[in-house]
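Here is coords_24.cif, consisting of mmCIF, C-alpha atoms:
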data_protein
#
loop_
_atom_site.group_PDB
_atom_site.id
_atom_site.type_symbol
_atom_site.label_atom_id
_atom_site.label_comp_id
_atom_site.auth_asym_id
_atom_site.auth_seq_id
_atom_site.Cartn_x
_atom_site.Cartn_y
_atom_site.Cartn_z
ATOM 1 C CA MET A 25 54.705 99.528 96.953
ATOM 2 C CA ALA A 26 57.705 101.575 98.084
ATOM 3 C CA SER A 27 56.930 104.891 99.700
ATOM 4 C CA ARG A 28 57.767 107.979 97.692
ATOM 5 C CA LYS A 29 60.504 110.165 99.141
ATOM 6 C CA PRO A 30 59.158 113.736 99.082
ATOM 7 C CA PRO A 31 61.103 116.657 97.636
ATOM 8 C CA VAL A 32 62.638 118.902 100.257
ATOM 9 C CA LEU A 33 62.450 122.667 100.016
ATOM 10 C CA LEU A 34 66.017 123.790 100.582
ATOM 11 C CA ARG A 35 67.705 127.152 100.299
ATOM 12 C CA ARG A 36 68.797 127.545 96.666
ATOM 13 C CA PRO A 37 71.515 129.728 95.114
ATOM 14 C CA ALA A 38 68.831 131.259 92.889
ATOM 15 C CA PRO A 39 65.204 131.853 93.925
ATOM 16 C CA ARG A 40 62.443 129.606 92.582
ATOM 17 C CA LEU A 41 58.699 129.949 92.140
ATOM 18 C CA TYR A 42 56.134 128.616 94.599
ATOM 19 C CA LEU A 43 52.710 128.390 92.944
ATOM 20 C CA VAL A 44 49.531 128.942 94.983
ATOM 21 C CA THR A 45 46.354 127.590 93.394
ATOM 22 C CA PRO A 46 42.883 129.105 93.536
ATOM 23 C CA VAL A 47 40.437 127.318 95.819
ATOM 24 C CA VAL A 48 39.825 124.047 93.970
ATOM 25 C CA ALA A 49 36.430 122.365 93.751
ATOM 26 C CA ASN A 50 36.875 120.601 90.400
ATOM 27 C CA ALA A 51 40.241 118.980 89.744
ATOM 28 C CA ALA A 52 39.907 118.390 85.992
ATOM 29 C CA PRO A 53 40.235 121.991 84.714
ATOM 30 C CA LEU A 54 43.104 122.698 87.106
ATOM 31 C CA ALA A 55 44.918 119.537 86.041
ATOM 32 C CA ASP A 56 44.972 120.786 82.447
ATOM 33 C CA GLN A 57 46.127 124.239 83.537
ATOM 34 C CA LEU A 58 48.861 122.892 85.797
ATOM 35 C CA SER A 59 50.171 120.573 83.121
ATOM 36 C CA ALA A 60 50.743 123.539 80.803
ATOM 37 C CA MET A 61 52.029 125.803 83.550
ATOM 38 C CA LEU A 62 54.598 123.385 84.940
ATOM 39 C CA ALA A 63 55.849 122.742 81.415
ATOM 40 C CA ALA A 64 56.310 126.487 80.920
ATOM 41 C CA ALA A 65 58.332 127.348 84.030
ATOM 42 C CA ASP A 66 60.356 125.831 86.854
ATOM 43 C CA VAL A 67 58.235 125.581 90.018
ATOM 44 C CA ALA A 68 59.562 124.291 93.327
ATOM 45 C CA ALA A 69 56.180 123.618 94.936
ATOM 46 C CA VAL A 70 52.453 123.904 94.342
ATOM 47 C CA LEU A 71 50.317 124.943 97.302
ATOM 48 C CA LEU A 72 46.928 123.295 96.755
ATOM 49 C CA ARG A 73 43.954 125.090 98.286
ATOM 50 C CA LEU A 74 40.962 122.766 98.520
ATOM 51 C CA ALA A 75 37.331 123.854 98.577
ATOM 52 C CA ALA A 76 35.328 122.821 101.618
ATOM 53 C CA SER A 77 33.879 119.373 100.957
ATOM 54 C CA ASP A 78 33.706 115.864 102.364
ATOM 55 C CA GLU A 79 36.972 114.072 102.984
ATOM 56 C CA ARG A 80 36.574 111.544 100.158
ATOM 57 C CA THR A 81 36.039 114.299 97.598
ATOM 58 C CA GLN A 82 39.083 116.158 98.832
ATOM 59 C CA LEU A 83 41.229 113.020 98.726
ATOM 60 C CA ASN A 84 40.095 112.312 95.185
ATOM 61 C CA THR A 85 40.943 115.881 94.167
ATOM 62 C CA ILE A 86 44.442 115.596 95.602
ATOM 63 C CA LYS A 87 45.049 112.208 94.008
ATOM 64 C CA THR A 88 43.908 113.531 90.622
ATOM 65 C CA LEU A 89 46.321 116.449 90.746
ATOM 66 C CA ALA A 90 49.267 114.711 92.416
ATOM 67 C CA PRO A 91 50.654 112.975 89.300
ATOM 68 C CA VAL A 92 50.482 116.204 87.290
ATOM 69 C CA ILE A 93 52.454 118.074 89.942
ATOM 70 C CA GLN A 94 54.819 115.450 91.308
ATOM 71 C CA GLY A 95 55.519 114.044 87.849
ATOM 72 C CA ARG A 96 57.435 117.265 87.200
ATOM 73 C CA GLY A 97 59.500 116.855 90.360
ATOM 74 C CA THR A 98 57.460 119.600 92.005
ATOM 75 C CA ALA A 99 56.403 119.297 95.638
ATOM 76 C CA LEU A 100 52.667 119.069 96.337
ATOM 77 C CA VAL A 101 51.833 120.981 99.521
ATOM 78 C CA LEU A 102 48.329 121.139 100.981
ATOM 79 C CA HIS A 103 46.985 124.351 102.449
ATOM 80 C CA GLY A 104 46.210 123.146 105.958
ATOM 81 C CA GLN A 105 44.694 119.677 106.416
ATOM 82 C CA PRO A 106 47.869 117.907 107.548
ATOM 83 C CA GLU A 107 45.761 114.832 108.360
ATOM 84 C CA LEU A 108 45.266 114.256 104.617
ATOM 85 C CA VAL A 109 48.898 114.576 103.564
ATOM 86 C CA ALA A 110 50.106 111.007 104.020
ATOM 87 C CA ARG A 111 46.834 109.418 102.937
ATOM 88 C CA ALA A 112 46.728 111.412 99.719
ATOM 89 C CA GLY A 113 50.407 111.024 98.874
ATOM 90 C CA ALA A 114 51.111 114.754 99.168
ATOM 91 C CA ASP A 115 54.555 116.027 100.108
ATOM 92 C CA GLY A 116 53.585 118.251 102.994
ATOM 93 C CA ALA A 117 51.324 120.948 104.376
ATOM 94 C CA HIS A 118 51.368 124.706 104.787
ATOM 95 C CA LEU A 119 49.970 125.870 108.117
ATOM 96 C CA THR A 120 48.804 129.300 109.208
ATOM 97 C CA GLY A 121 50.072 130.583 112.533
ATOM 98 C CA LEU A 122 52.207 129.139 115.298
ATOM 99 C CA ASP A 123 49.450 127.172 117.042
ATOM 100 C CA ASP A 124 48.248 125.336 113.922
ATOM 101 C CA PHE A 125 51.838 124.650 112.900
ATOM 102 C CA THR A 126 52.763 123.157 116.266
ATOM 103 C CA ALA A 127 49.644 120.983 116.342
ATOM 104 C CA ALA A 128 50.369 119.634 112.839
ATOM 105 C CA LEU A 129 53.995 118.662 113.390
ATOM 106 C CA PRO A 130 53.335 115.117 114.683
ATOM 107 C CA LEU A 131 51.421 114.375 111.474
ATOM 108 C CA LEU A 132 54.170 115.678 109.192
ATOM 109 C CA LYS A 133 57.567 115.108 110.700
ATOM 110 C CA PRO A 134 60.026 113.698 109.909
ATOM 111 C CA ASP A 135 59.016 112.625 106.416
ATOM 112 C CA ARG A 136 56.898 115.506 105.092
ATOM 113 C CA ILE A 137 57.299 119.207 104.447
ATOM 114 C CA ALA A 138 55.966 121.484 107.189
ATOM 115 C CA GLY A 139 55.757 125.143 106.180
ATOM 116 C CA CYS A 140 54.156 128.071 107.942
ATOM 117 C CA GLY A 141 52.730 131.486 107.105
ATOM 118 C CA GLY A 142 50.427 133.921 108.835
ATOM 119 C CA LEU A 143 53.270 134.942 111.132
ATOM 120 C CA ALA A 144 52.375 138.378 112.452
ATOM 121 C CA THR A 145 55.514 138.925 114.526
ATOM 122 C CA ARG A 146 59.211 138.237 114.219
ATOM 123 C CA HIS A 147 59.004 136.288 117.459
ATOM 124 C CA ASP A 148 56.409 133.882 116.022
ATOM 125 C CA ALA A 149 58.534 133.375 112.914
ATOM 126 C CA MET A 150 61.565 132.538 115.028
ATOM 127 C CA LEU A 151 59.569 130.112 117.176
ATOM 128 C CA VAL A 152 58.251 128.322 114.096
ATOM 129 C CA ALA A 153 61.774 127.984 112.724
ATOM 130 C CA GLU A 154 63.078 126.670 116.035
ATOM 131 C CA THR A 155 60.205 124.172 116.180
ATOM 132 C CA GLY A 156 61.168 122.623 112.859
ATOM 133 C CA ALA A 157 59.626 124.553 109.959
ATOM 134 C CA ASP A 158 60.989 123.701 106.526
ATOM 135 C CA TYR A 159 60.180 127.234 105.411
ATOM 136 C CA VAL A 160 58.398 130.380 106.527
ATOM 137 C CA MET A 161 56.197 132.544 104.297
ATOM 138 C CA PHE A 162 55.805 136.305 104.530
ATOM 139 C CA GLY A 163 53.262 138.536 102.823
ATOM 140 C CA GLU A 164 50.367 136.203 102.049
ATOM 141 C CA PRO A 165 46.854 137.658 102.416
ATOM 142 C CA ASP A 166 44.799 136.726 105.454
ATOM 143 C CA ALA A 167 41.308 135.218 105.284
ATOM 144 C CA ASP A 168 39.882 138.667 104.516
ATOM 145 C CA GLY A 169 42.394 139.348 101.749
ATOM 146 C CA ARG A 170 44.447 141.815 103.784
ATOM 147 C CA ARG A 171 48.246 141.834 103.906
ATOM 148 C CA PRO A 172 50.977 144.086 105.284
ATOM 149 C CA SER A 173 52.356 146.896 103.165
ATOM 150 C CA PHE A 174 54.773 145.701 100.520
ATOM 151 C CA ASP A 175 57.607 147.685 102.095
ATOM 152 C CA ALA A 176 56.994 145.832 105.365
ATOM 153 C CA ILE A 177 57.020 142.474 103.567
ATOM 154 C CA VAL A 178 60.310 143.254 101.840
ATOM 155 C CA GLU A 179 61.806 144.389 105.148
ATOM 156 C CA ARG A 180 60.752 141.137 106.830
ATOM 157 C CA VAL A 181 62.246 139.045 104.015
ATOM 158 C CA GLU A 182 65.521 140.998 104.160
ATOM 159 C CA TRP A 183 65.756 140.503 107.921
ATOM 160 C CA TRP A 184 65.068 136.799 107.658
ATOM 161 C CA ALA A 185 67.532 136.195 104.828
ATOM 162 C CA GLU A 186 70.314 137.958 106.724
ATOM 163 C CA VAL A 187 69.842 136.083 109.990
ATOM 164 C CA PHE A 188 68.329 132.618 109.422
ATOM 165 C CA GLU A 189 69.143 129.464 107.474
ATOM 166 C CA VAL A 190 65.540 128.233 107.235
ATOM 167 C CA PRO A 191 64.272 129.087 103.725
ATOM 168 C CA CYS A 192 61.913 131.996 103.237
ATOM 169 C CA VAL A 193 58.989 132.365 100.819
ATOM 170 C CA GLY A 194 57.965 135.890 99.851
ATOM 171 C CA TYR A 195 54.389 136.231 98.580
ATOM 172 C CA ALA A 196 53.975 138.373 95.451
ATOM 173 C CA ALA A 197 50.564 139.908 94.801
ATOM 174 C CA ASP A 198 51.454 140.763 91.196
ATOM 175 C CA LEU A 199 54.259 140.480 88.678
ATOM 176 C CA ASP A 200 55.798 143.773 89.770
ATOM 177 C CA GLU A 201 56.559 142.455 93.273
ATOM 178 C CA ILE A 202 58.538 139.389 92.188
ATOM 179 C CA ALA A 203 61.943 140.913 91.498
ATOM 180 C CA ALA A 204 61.956 142.979 94.695
ATOM 181 C CA LEU A 205 61.187 139.939 96.857
ATOM 182 C CA ALA A 206 63.887 137.890 95.174
ATOM 183 C CA MET A 207 66.441 140.668 95.529
ATOM 184 C CA ALA A 208 65.483 141.016 99.208
ATOM 185 C CA GLY A 209 66.663 137.443 99.721
ATOM 186 C CA ALA A 210 63.582 135.251 99.346
ATOM 187 C CA ASP A 211 64.527 131.675 98.473
ATOM 188 C CA PHE A 212 61.108 131.191 96.888
ATOM 189 C CA VAL A 213 58.583 133.675 95.530
ATOM 190 C CA ALA A 214 54.934 132.654 95.813
ATOM 191 C CA VAL A 215 52.603 133.614 92.983
ATOM 192 C CA GLY A 216 48.895 132.913 93.023
ATOM 193 C CA PRO A 217 45.562 134.342 91.879
ATOM 194 C CA PHE A 218 46.958 136.935 89.489
ATOM 195 C CA VAL A 219 48.746 134.213 87.519
ATOM 196 C CA PHE A 220 45.589 132.163 87.034
ATOM 197 C CA ALA A 221 43.548 135.248 86.121
ATOM 198 C CA HIS A 222 46.079 136.746 83.722
ATOM 199 C CA PRO A 223 44.539 137.742 80.349
ATOM 200 C CA ARG A 224 47.340 136.000 78.437
ATOM 201 C CA GLY A 225 46.692 132.735 80.290
ATOM 202 C CA PRO A 226 48.250 131.069 83.331
ATOM 203 C CA ALA A 227 51.121 129.366 81.509
ATOM 204 C CA THR A 228 52.283 132.602 79.869
ATOM 205 C CA ALA A 229 51.904 134.490 83.142
ATOM 206 C CA LEU A 230 53.957 131.902 85.000
ATOM 207 C CA GLN A 231 56.693 132.071 82.383
ATOM 208 C CA THR A 232 56.707 135.858 82.792
ATOM 209 C CA ALA A 233 57.006 135.381 86.558
ATOM 210 C CA ALA A 234 59.995 133.103 86.002
ATOM 211 C CA ASP A 235 61.548 135.752 83.741
ATOM 212 C CA ARG A 236 61.183 138.317 86.546
ATOM 213 C CA LEU A 237 63.144 135.987 88.818
ATOM 214 C CA SER A 238 65.885 135.758 86.215
ATOM 215 C CA VAL A 239 66.028 139.545 85.964
ATOM 216 C CA SER A 240 66.398 139.816 89.728
ATOM 217 C CA GLU A 241 69.174 137.210 89.747
ATOM 218 C CA ASN A 242 71.101 139.065 87.043
ATOM 219 C CA ALA A 243 70.571 142.370 88.837
ATOM 220 C CA GLY A 244 71.935 140.837 92.023
#
In structure tokens, how does this file's structure come out?
Amino acid sequence: MASRKPPVLLRRPAPRLYLVTPVVANAAPLADQLSAMLAAADVAAVLLRLAASDERTQLNTIKTLAPVIQGRGTALVLHGQPELVARAGADGAHLTGLDDFTAALPLLKPDRIAGCGGLATRHDAMLVAETGADYVMFGEPDADGRRPSFDAIVERVEWWAEVFEVPCVGYAADLDEIAALAMAGADFVAVGPFVFAHPRGPATALQTAADRLSVSENAG
């Protein structure tokens, strides 16, 4: 069987969505949600966050969701766990911090996406880019749910977009942050828990998120 060439996250003329899943323990309900969501809006990548479990269970979860995601031409990126990427047929991994990113590179390059977030300083972001990151992410919450102020996130995205060619993902905590991140120069805007918890349903919320991107593009 021929190996599947993974999508590559490249800088785009217009920003695109980057969908972050809840922590997944049961693949079946999420598969149904993702099928509807990816039909409702253009999504560049899905960042899959797996619940702690044994390796076989995690591999089965990834392999259940992979066709739903990749069948739409969307990249499947694992949150951490670069050792599972090739075995599960995922397209890459998202690492947190410079040390984890550097350690994961031999497992991902040159054929898989290697992205990085959790970059507290500009210096760390630059080092990650120089080391071979396919993208950097700014603004995602840490393990305790804390994140920088939104003004600081926008400032970091603006700085990055002005100086660097490596694509940038800006993390939006709600619908109101999407347009500002896109106008600041983010190539991708990450949306996560608020989309899945939206009272009108995840597919409608994701379509609304895509509409906010369109508004920002027209405003620009």
### Task
Find the distance between CA of Ala206 in chain A and CA of Leu237 in chain A and write it in Å to one decimal.
6.7 Å
### Atomic distance CA of Leu129 in chain A - CA of Gly141 in chain A, expressed in Å with one decimal
14.3 Å
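Nearest to Ala204 in chain A of all the residues A:Tyr42, A:Phe174, A:Phe162, A:Phe188 is A:Phe174, based on all atoms listed in the file.
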### Message
I'd like the interatomic distance between CA of Ala75 in chain A and CA of Leu151 in chain A, to a tenth of an Å.
### Response
29.7 Å
### Message
List as a list in words the protein and nucleic acid residues near range 58-74 of chain A, meaning an atom at most 6 Å away when all atoms listed in the file are counted, but skip any in the same chain fewer than 5 places from it.
### Response
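Once the adjacent positions are removed, what remains is Leu41, Tyr42, Leu43, Val44, Thr45, Val47, Val48, Thr98, Ala99, Leu100, Val101, Leu102, His103, Ala227 and Gln231 of chain A.
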Selection dump of the PyMOL selection byres ((chain A and resi 218) around 9), as a PDB file with C-alpha atoms, keeping the file's coordinate frame:
ATOM      1  CA  ALA A 197      50.564 139.908  94.801  1.00  0.00           C
ATOM      2  CA  ASP A 198      51.454 140.763  91.196  1.00  0.00           C
ATOM      3  CA  LEU A 199      54.259 140.480  88.678  1.00  0.00           C
ATOM      4  CA  VAL A 215      52.603 133.614  92.983  1.00  0.00           C
ATOM      5  CA  GLY A 216      48.895 132.913  93.023  1.00  0.00           C
ATOM      6  CA  PRO A 217      45.562 134.342  91.879  1.00  0.00           C
ATOM      7  CA  VAL A 219      48.746 134.213  87.519  1.00  0.00           C
ATOM      8  CA  PHE A 220      45.589 132.163  87.034  1.00  0.00           C
ATOM      9  CA  ALA A 221      43.548 135.248  86.121  1.00  0.00           C
ATOM     10  CA  HIS A 222      46.079 136.746  83.722  1.00  0.00           C
ATOM     11  CA  PRO A 226      48.250 131.069  83.331  1.00  0.00           C
ATOM     12  CA  ALA A 229      51.904 134.490  83.142  1.00  0.00           C
TER      13      ALA A 229
END
### Message
Using only C-alpha atoms, can you tell me which of A:Gln82, A:Pro39, A:Arg111, A:Glu164 comes closest to Ala208 in chain A?
### Response
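When distances to Ala208 in chain A are compared using only C-alpha atoms, the smallest one comes from A:Pro39.
When you apply the PyMOL selection byres ((chain A and resi 158) around 10) to this structure, what comes back is Val32, Leu33, Leu34, Arg35, Gly116, His118, Arg136, Ile137, Ala138, Gly139, Cys140, Val152, Ala153, Thr155, Gly156, Ala157, Tyr159, Val160, Val190, Pro191 and Cys192 of chain A.
Minimum distance to Ala110 in chain A across A:Asp200, A:Val92, A:Asp135, A:Phe125 (counting only C-alpha atoms) occurs at A:Asp135.
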### Message
Around (42.1, 114.4, 94.2), as given in the file, which residues come within 12 Å? Count all atoms listed in the file and list them as number ranges by chain.
### Response
A: 48-52, 54-55, 72-75, 77-93, 100, 102, 108-109, 111-114
### Query
When distances are computed from all atoms listed in the file, which of A:Ala38, A:Ile177, A:Lys133, A:Ala185 shows the smallest separation from Ser238 in chain A?
A:Ala38
### Task
Return the single residue from A:Gln105, A:Leu230, A:Asp211, A:Pro165 that is closest to Gln57 in chain A, with distances computed using all atoms listed in the file.
A:Leu230
Starting from 8 Å padding per side, set up an axis-aligned box that covers all listed atoms of range 78-83 of chain A and hand over centre and edge lengths in Å, one decimal, as AutoDock Vina command-line options.
--center_x 37.5 --center_y 113.9 --center_z 100.3 --size_x 23.5 --size_y 20.6 --size_z 21.4
#### Entry: Among listed residues A:Gly225, A:Pro53, A:Pro130, A:Pro172, nearest Thr145 in chain A (using only C-alpha atoms)
A:Pro172
### Selection result for the PyMOL selection byres ((chain A and resi 166) around 12) on this file, as a VMD selection string
chain A and resid 120 to 121 141 to 144 162 to 165 167 to 172 195
Got time to write the residues from that selection, C-alpha atoms, as a JSON list (two decimals), in the coordinates of the input?
[["chain", "number", "residue", "atom", "x", "y", "z"],
["A", 120, "THR", "CA", 48.80, 129.30, 109.21],
["A", 121, "GLY", "CA", 50.07, 130.58, 112.53],
["A", 141, "GLY", "CA", 52.73, 131.49, 107.10],
["A", 142, "GLY", "CA", 50.43, 133.92, 108.84],
["A", 143, "LEU", "CA", 53.27, 134.94, 111.13],
["A", 144, "ALA", "CA", 52.38, 138.38, 112.45],
["A", 162, "PHE", "CA", 55.80, 136.30, 104.53],
["A", 163, "GLY", "CA", 53.26, 138.54, 102.82],
["A", 164, "GLU", "CA", 50.37, 136.20, 102.05],
["A", 165, "PRO", "CA", 46.85, 137.66, 102.42],
["A", 167, "ALA", "CA", 41.31, 135.22, 105.28],
["A", 168, "ASP", "CA", 39.88, 138.67, 104.52],
["A", 169, "GLY", "CA", 42.39, 139.35, 101.75],
["A", 170, "ARG", "CA", 44.45, 141.82, 103.78],
["A", 171, "ARG", "CA", 48.25, 141.83, 103.91],
["A", 172, "PRO", "CA", 50.98, 144.09, 105.28],
["A", 195, "TYR", "CA", 54.39, 136.23, 98.58]]
